[in-house]
file structure_9.cif (mmCIF, C-alpha atoms)
data_target
loop_
_atom_site.group_PDB
_atom_site.id
_atom_site.type_symbol
_atom_site.label_atom_id
_atom_site.label_comp_id
_atom_site.auth_asym_id
_atom_site.auth_seq_id
_atom_site.Cartn_x
_atom_site.Cartn_y
_atom_site.Cartn_z
ATOM 1 C CA GLY A 1 -123.643 30.696 96.469
ATOM 2 C CA ASP A 2 -123.330 28.668 99.622
ATOM 3 C CA ILE A 3 -121.432 25.459 99.064
ATOM 4 C CA PRO A 4 -122.031 22.742 101.659
ATOM 5 C CA SER A 5 -119.203 21.961 104.022
ATOM 6 C CA PRO A 6 -116.980 19.159 102.784
ATOM 7 C CA ARG A 7 -117.948 15.738 103.969
ATOM 8 C CA PRO A 8 -115.681 12.728 104.170
ATOM 9 C CA ARG A 9 -115.139 11.025 100.847
ATOM 10 C CA SER A 10 -117.577 8.161 100.378
ATOM 11 C CA PRO A 11 -115.982 4.748 100.298
ATOM 12 C CA GLU A 12 -115.351 3.518 96.767
ATOM 13 C CA ILE A 13 -117.306 0.368 97.542
ATOM 14 C CA ALA A 14 -119.961 0.075 100.256
ATOM 15 C CA PRO A 15 -122.738 -2.369 101.093
ATOM 16 C CA ALA A 16 -125.320 -2.348 98.321
ATOM 17 C CA GLN A 17 -128.413 -3.636 100.045
ATOM 18 C CA PRO A 18 -131.668 -1.911 99.076
ATOM 19 C CA THR A 19 -133.575 -0.396 101.972
ATOM 20 C CA ALA A 20 -137.272 0.148 102.616
ATOM 21 C CA ALA A 21 -136.758 3.729 101.355
ATOM 22 C CA GLY A 22 -135.269 2.634 98.019
ATOM 23 C CA PRO A 23 -131.881 1.900 96.459
ATOM 24 C CA PRO A 24 -128.729 1.623 98.562
ATOM 25 C CA GLY A 25 -127.508 5.060 99.634
ATOM 26 C CA ILE A 26 -130.916 6.789 99.556
ATOM 27 C CA GLU A 27 -131.088 7.045 103.355
ATOM 28 C CA ASP A 28 -127.659 8.717 103.644
ATOM 29 C CA LYS A 29 -128.693 12.335 103.029
ATOM 30 C CA GLN A 30 -126.703 15.531 102.973
ATOM 31 C CA LYS A 31 -128.646 18.797 103.113
ATOM 32 C CA VAL A 32 -127.829 21.265 100.331
ATOM 33 C CA ARG A 33 -129.900 24.468 100.382
ATOM 34 C CA GLY A 34 -132.927 22.562 101.728
ATOM 35 C CA TRP A 35 -132.588 19.730 99.184
ATOM 36 C CA ASP A 36 -131.644 16.153 100.111
ATOM 37 C CA ALA A 37 -128.537 14.833 98.348
ATOM 38 C CA SER A 38 -127.580 11.156 98.227
ATOM 39 C CA GLU A 39 -125.092 8.930 96.451
ATOM 40 C CA LEU A 40 -126.964 5.866 95.201
ATOM 41 C CA ARG A 41 -125.092 2.587 94.859
ATOM 42 C CA SER A 42 -125.288 -0.128 92.219
ATOM 43 C CA SER A 43 -125.274 -3.838 93.023
ATOM 44 C CA ASP A 44 -121.457 -3.832 93.040
ATOM 45 C CA GLY A 45 -121.455 -1.228 95.840
ATOM 46 C CA LYS A 46 -120.031 1.621 93.720
ATOM 47 C CA ILE A 47 -121.727 5.009 93.388
ATOM 48 C CA ALA A 48 -123.918 4.834 90.286
ATOM 49 C CA VAL A 49 -126.112 7.940 90.661
ATOM 50 C CA CYS A 50 -125.606 11.354 92.228
ATOM 51 C CA PHE A 51 -129.140 12.189 93.323
ATOM 52 C CA ILE A 52 -130.509 15.426 94.754
ATOM 53 C CA ARG A 53 -134.168 16.152 95.407
ATOM 54 C CA GLN A 54 -136.710 18.318 97.119
ATOM 55 C CA HIS A 55 -140.169 17.192 98.195
ATOM 56 C CA TYR A 56 -143.003 19.434 99.195
ATOM 57 C CA ARG A 57 -146.647 19.139 100.086
ATOM 58 C CA ILE A 58 -149.476 21.383 98.958
ATOM 59 C CA GLY A 59 -152.662 21.279 100.996
ATOM 60 C CA SER A 60 -153.520 18.914 103.813
ATOM 61 C CA GLY A 61 -155.456 15.796 104.622
ATOM 62 C CA ALA A 62 -156.847 13.553 101.906
ATOM 63 C CA SER A 63 -156.615 16.343 99.310
ATOM 64 C CA ALA A 64 -152.882 16.940 99.891
ATOM 65 C CA ARG A 65 -150.745 17.025 96.771
ATOM 66 C CA PHE A 66 -147.150 15.778 96.922
ATOM 67 C CA ILE A 67 -144.634 17.357 94.555
ATOM 68 C CA GLY A 68 -141.006 16.431 93.988
ATOM 69 C CA THR A 69 -138.146 17.831 91.945
ATOM 70 C CA PHE A 70 -135.175 15.554 91.293
ATOM 71 C CA LEU A 71 -131.860 16.072 89.491
ATOM 72 C CA MET A 72 -129.673 13.031 88.848
ATOM 73 C CA VAL A 73 -126.362 12.264 87.218
ATOM 74 C CA SER A 74 -126.005 8.583 86.359
ATOM 75 C CA ARG A 75 -123.497 6.499 84.459
ATOM 76 C CA ALA A 76 -126.139 5.330 81.994
ATOM 77 C CA LYS A 77 -128.015 8.577 81.278
ATOM 78 C CA GLY A 78 -125.848 11.501 82.396
ATOM 79 C CA LEU A 79 -127.785 14.480 83.794
ATOM 80 C CA THR A 80 -131.556 14.011 83.908
ATOM 81 C CA MET A 81 -134.476 15.510 85.767
ATOM 82 C CA MET A 82 -137.583 13.935 87.240
ATOM 83 C CA LEU A 83 -140.739 15.747 88.306
ATOM 84 C CA LYS A 84 -143.235 14.018 90.577
ATOM 85 C CA ASP A 85 -146.842 15.038 91.216
ATOM 86 C CA SER A 86 -149.149 12.766 93.188
ATOM 87 C CA THR A 87 -152.185 13.987 91.197
ATOM 88 C CA LEU A 88 -150.878 12.484 87.948
ATOM 89 C CA ASN A 89 -151.966 9.017 86.896
ATOM 90 C CA LEU A 90 -150.643 8.229 83.422
ATOM 91 C CA PRO A 91 -149.185 5.108 81.818
ATOM 92 C CA GLU A 92 -145.463 4.535 82.129
ATOM 93 C CA GLY A 93 -143.559 5.340 78.923
ATOM 94 C CA LYS A 94 -146.174 7.774 77.583
ATOM 95 C CA PRO A 95 -144.428 10.676 75.786
ATOM 96 C CA VAL A 96 -145.053 14.103 77.295
ATOM 97 C CA GLU A 97 -145.182 17.166 75.049
ATOM 98 C CA ALA A 98 -143.766 20.076 76.999
ATOM 99 C CA THR A 99 -141.623 23.171 76.983
ATOM 100 C CA LEU A 100 -138.801 23.814 79.396
ATOM 101 C CA SER A 101 -137.323 27.157 80.301
ATOM 102 C CA VAL A 102 -134.376 27.851 82.547
ATOM 103 C CA ASP A 103 -133.874 31.374 83.853
ATOM 104 C CA ASN A 104 -136.740 32.468 81.532
ATOM 105 C CA LYS A 105 -134.857 31.219 78.448
ATOM 106 C CA PRO A 106 -136.176 28.293 76.385
ATOM 107 C CA PHE A 107 -134.308 25.021 76.708
ATOM 108 C CA THR A 108 -135.428 22.986 73.710
ATOM 109 C CA ASP A 109 -133.058 20.068 73.358
ATOM 110 C CA PHE A 110 -134.875 17.486 75.525
ATOM 111 C CA THR A 111 -137.510 14.775 75.546
ATOM 112 C CA ALA A 112 -139.949 13.884 78.301
ATOM 113 C CA HIS A 113 -142.002 10.819 79.101
ATOM 114 C CA MET A 114 -143.784 9.207 82.013
ATOM 115 C CA LEU A 115 -141.484 7.136 84.207
ATOM 116 C CA GLY A 116 -144.278 5.954 86.482
ATOM 117 C CA GLY A 117 -147.892 6.935 86.999
ATOM 118 C CA ASP A 118 -146.950 10.148 88.808
ATOM 119 C CA GLU A 119 -143.400 10.806 87.538
ATOM 120 C CA ILE A 120 -142.244 12.677 84.450
ATOM 121 C CA GLY A 121 -138.685 12.104 83.236
ATOM 122 C CA VAL A 122 -136.914 14.975 81.474
ATOM 123 C CA PHE A 123 -133.973 13.869 79.337
ATOM 124 C CA PRO A 124 -131.754 16.572 77.823
ATOM 125 C CA GLN A 125 -129.985 15.702 74.599
ATOM 126 C CA HIS A 126 -126.824 17.046 76.229
ATOM 127 C CA GLY A 127 -126.648 17.062 80.010
ATOM 128 C CA LEU A 128 -123.768 19.537 80.021
ATOM 129 C CA GLU A 129 -125.971 22.101 78.244
ATOM 130 C CA LEU A 130 -128.667 21.749 80.899
ATOM 131 C CA ALA A 131 -126.037 22.036 83.649
ATOM 132 C CA ARG A 132 -124.688 25.230 82.020
ATOM 133 C CA ALA A 133 -128.206 26.650 81.729
ATOM 134 C CA LEU A 134 -128.881 25.938 85.416
ATOM 135 C CA GLY A 135 -125.525 27.481 86.317
ATOM 136 C CA ASP A 136 -125.308 27.978 90.057
ATOM 137 C CA GLY A 137 -129.040 28.457 90.499
ATOM 138 C CA ALA A 138 -131.930 29.427 88.249
ATOM 139 C CA PRO A 139 -135.732 29.323 88.089
ATOM 140 C CA VAL A 140 -137.124 26.473 85.981
ATOM 141 C CA THR A 141 -140.516 26.131 84.301
ATOM 142 C CA PHE A 142 -141.746 22.832 82.888
ATOM 143 C CA ASP A 143 -144.980 23.300 80.974
ATOM 144 C CA ALA A 144 -146.883 20.337 79.551
ATOM 145 C CA ARG A 145 -149.916 22.395 78.550
ATOM 146 C CA LYS A 146 -152.400 19.521 78.521
ATOM 147 C CA LEU A 147 -151.031 17.957 81.674
ATOM 148 C CA GLU A 148 -148.944 19.923 84.126
ATOM 149 C CA LYS A 149 -147.110 23.188 84.709
ATOM 150 C CA MET A 150 -144.410 23.200 87.346
ATOM 151 C CA GLU A 151 -142.330 26.184 88.323
ATOM 152 C CA PHE A 152 -139.513 25.704 90.794
ATOM 153 C CA PRO A 153 -136.162 27.194 91.726
ATOM 154 C CA VAL A 154 -132.926 25.289 91.496
ATOM 155 C CA PRO A 155 -130.978 27.144 94.207
ATOM 156 C CA SER A 156 -127.271 27.839 94.165
ATOM 157 C CA GLY A 157 -125.198 24.910 95.371
ATOM 158 C CA ILE A 158 -127.354 22.219 93.722
ATOM 159 C CA VAL A 159 -125.499 21.864 90.406
ATOM 160 C CA PRO A 160 -122.090 22.324 92.100
ATOM 161 C CA TRP A 161 -122.973 19.437 94.454
ATOM 162 C CA LEU A 162 -123.893 17.280 91.442
ATOM 163 C CA ARG A 163 -120.627 18.228 89.702
ATOM 164 C CA ALA A 164 -118.538 17.388 92.768
ATOM 165 C CA CYS A 165 -120.297 14.072 93.367
ATOM 166 C CA ALA A 166 -120.052 13.099 89.689
ATOM 167 C CA ARG A 167 -116.358 14.043 89.502
ATOM 168 C CA ARG A 168 -115.529 12.057 92.674
ATOM 169 C CA SER A 169 -117.406 9.052 91.324
ATOM 170 C CA GLY A 170 -116.158 9.130 87.731
ATOM 171 C CA ILE A 171 -119.629 9.879 86.329
ATOM 172 C CA GLY A 172 -120.176 12.283 83.424
ATOM 173 C CA PHE A 173 -123.020 14.698 82.708
ATOM 174 C CA GLU A 174 -123.271 13.131 79.242
ATOM 175 C CA PRO A 175 -124.263 9.449 78.977
ATOM 176 C CA ASP A 176 -121.237 7.170 79.202
ATOM 177 C CA GLU A 177 -118.956 10.259 79.159
ATOM 178 C CA MET A 178 -116.645 8.898 81.823
ATOM 179 C CA LYS A 179 -115.852 5.213 81.943
ATOM 180 C CA GLN A 180 -114.396 3.447 84.934
#

call {"tool": "encode", "arguments": {"input": "structure_9.cif", "output": "structure tokens"}}
result
Amino acid sequence: GDIPSPRPRSPEIAPAQPTAAGPPGIEDKQKVRGWDASELRSSDGKIAVCFIRQHYRIGSGASARFIGTFLMVSRAKGLTMMLKDSTLNLPEGKPVEATLSVDNKPFTDFTAHMLGGDEIGVFPQHGLELARALGDGAPVTFDARKLEKMEFPVPSGIVPWLRACARRSGIGFEPDEMKQ
């Protein structure tokens, strides 16, 4: 698939001041196949999370629904996924019973729970297995029968961007896989 053009290497340490949009680094976006990719910084100014996301809107006006798909590789948790739907309103921490399929094949080794009122966190037991399943692009279906069904593509270039960012930053797809 299309790989984004190389960009200059991010500085090892950069200012780590949060912005109105969120954690440091969130406003510095690179476009990858229509997704926004950012390198989020920790308080010491080092890259702590390779973060790529896509937001979309369904409907208009007061009844508009905002959906988001996020893939992240962090030092603490490895590869994780977050799904956001503005119509959800559930307590943080609530477990979510769901199935996940990647490229129409079941992916069973994960847990899910509410991260915020409208955000579901998907935590694979092994981030490398999820990365292999996603390959260089695949359709994904997350089905929490009593709550939400989301179908979305992960286009080519998304996982390779995460791999490149993680490798440059010394972050592993498994929790604490790579230490600095």

call {"tool": "closest_residue", "arguments": {"input": "structure_9.cif", "among": "A:Val73, A:Ile158, A:Leu115, A:Ile47", "to": "Ala138 (chain A)", "atoms": "all atoms listed in the file"}}
result
A:Ile158

call {"tool": "closest_residue", "arguments": {"input": "structure_9.cif", "among": "A:Gly172, A:Gly137, A:Pro124, A:Gly61", "to": "Thr99 (chain A)", "atoms": "all atoms listed in the file"}}
result
A:Pro124

call {"tool": "resolve_selection", "arguments": {"input": "structure_9.cif", "expression": "the PyMOL selection byres ((chain A and resi 65-69) around 7)", "output": "PyMOL selection string"}}
result
chain A and resi 53-59+63-64+70-71+82-87

call {"tool": "write_last_selection", "arguments": {"input": "structure_9.cif", "atoms": "C-alpha atoms", "output": "mmCIF file, in the frame of the given file"}}
result
data_model
loop_
_atom_site.group_PDB
_atom_site.id
_atom_site.type_symbol
_atom_site.label_atom_id
_atom_site.label_comp_id
_atom_site.auth_asym_id
_atom_site.auth_seq_id
_atom_site.Cartn_x
_atom_site.Cartn_y
_atom_site.Cartn_z
ATOM 1 C CA ARG A 53 -134.168 16.152 95.407
ATOM 2 C CA GLN A 54 -136.710 18.318 97.119
ATOM 3 C CA HIS A 55 -140.169 17.192 98.195
ATOM 4 C CA TYR A 56 -143.003 19.434 99.195
ATOM 5 C CA ARG A 57 -146.647 19.139 100.086
ATOM 6 C CA ILE A 58 -149.476 21.383 98.958
ATOM 7 C CA GLY A 59 -152.662 21.279 100.996
ATOM 8 C CA SER A 63 -156.615 16.343 99.310
ATOM 9 C CA ALA A 64 -152.882 16.940 99.891
ATOM 10 C CA PHE A 70 -135.175 15.554 91.293
ATOM 11 C CA LEU A 71 -131.860 16.072 89.491
ATOM 12 C CA MET A 82 -137.583 13.935 87.240
ATOM 13 C CA LEU A 83 -140.739 15.747 88.306
ATOM 14 C CA LYS A 84 -143.235 14.018 90.577
ATOM 15 C CA ASP A 85 -146.842 15.038 91.216
ATOM 16 C CA SER A 86 -149.149 12.766 93.188
ATOM 17 C CA THR A 87 -152.185 13.987 91.197
#

call {"tool": "closest_residue", "arguments": {"input": "structure_9.cif", "among": "A:Ala164, A:Leu90, A:Ala133, A:Ile171", "to": "Asp109 (chain A)", "atoms": "only C-alpha atoms"}}
result
A:Ala133

call {"tool": "atom_distance", "arguments": {"input": "structure_9.cif", "atom1": "CA of Ile52 (chain A)", "atom2": "CA of Gly121 (chain A)"}}
result
14.5 Å

call {"tool": "resolve_selection", "arguments": {"input": "structure_9.cif", "expression": "the PyMOL selection byres ((chain A and resi 122) around 6)", "output": "VMD selection string"}}
result
chain A and resid 80 to 82 111 to 112 121 123

call {"tool": "closest_residue", "arguments": {"input": "structure_9.cif", "among": "A:Lys94, A:Arg75, A:Arg145, A:Lys46", "to": "Phe173 (chain A)", "atoms": "all atoms listed in the file"}}
result
A:Arg75

call {"tool": "resolve_selection", "arguments": {"input": "structure_9.cif", "expression": "the PyMOL selection byres ((chain A and resi 101) around 12)", "output": "ChimeraX atom specification"}}
result
/A:98-100,102-110,130,133-134,138-144,149-153

call {"tool": "atom_distance", "arguments": {"input": "structure_9.cif", "atom1": "CA of Gly135 (chain A)", "atom2": "CA of Val159 (chain A)"}}
result
6.9 Å

call {"tool": "atom_distance", "arguments": {"input": "structure_9.cif", "atom1": "CA of Ala37 (chain A)", "atom2": "CA of Cys50 (chain A)"}}
result
7.6 Å

call {"tool": "axis_aligned_box", "arguments": {"input": "structure_9.cif", "around": "region 81-86 of chain A", "padding_each_side": "5 Å", "output": "lines of an AutoDock Vina configuration file"}}
result
center_x = -141.8
center_y = 14.3
center_z = 89.5
size_x = 24.7
size_y = 13.0
size_z = 17.4

call {"tool": "closest_residue", "arguments": {"input": "structure_9.cif", "among": "A:Asp44, A:Asp136, A:Glu97, A:Glu92", "to": "Gly117 (chain A)", "atoms": "only C-alpha atoms"}}
result
A:Glu92

call {"tool": "closest_residue", "arguments": {"input": "structure_9.cif", "among": "A:Leu40, A:Arg33, A:Glu174, A:Val49", "to": "His126 (chain A)", "atoms": "all atoms listed in the file"}}
result
A:Glu174
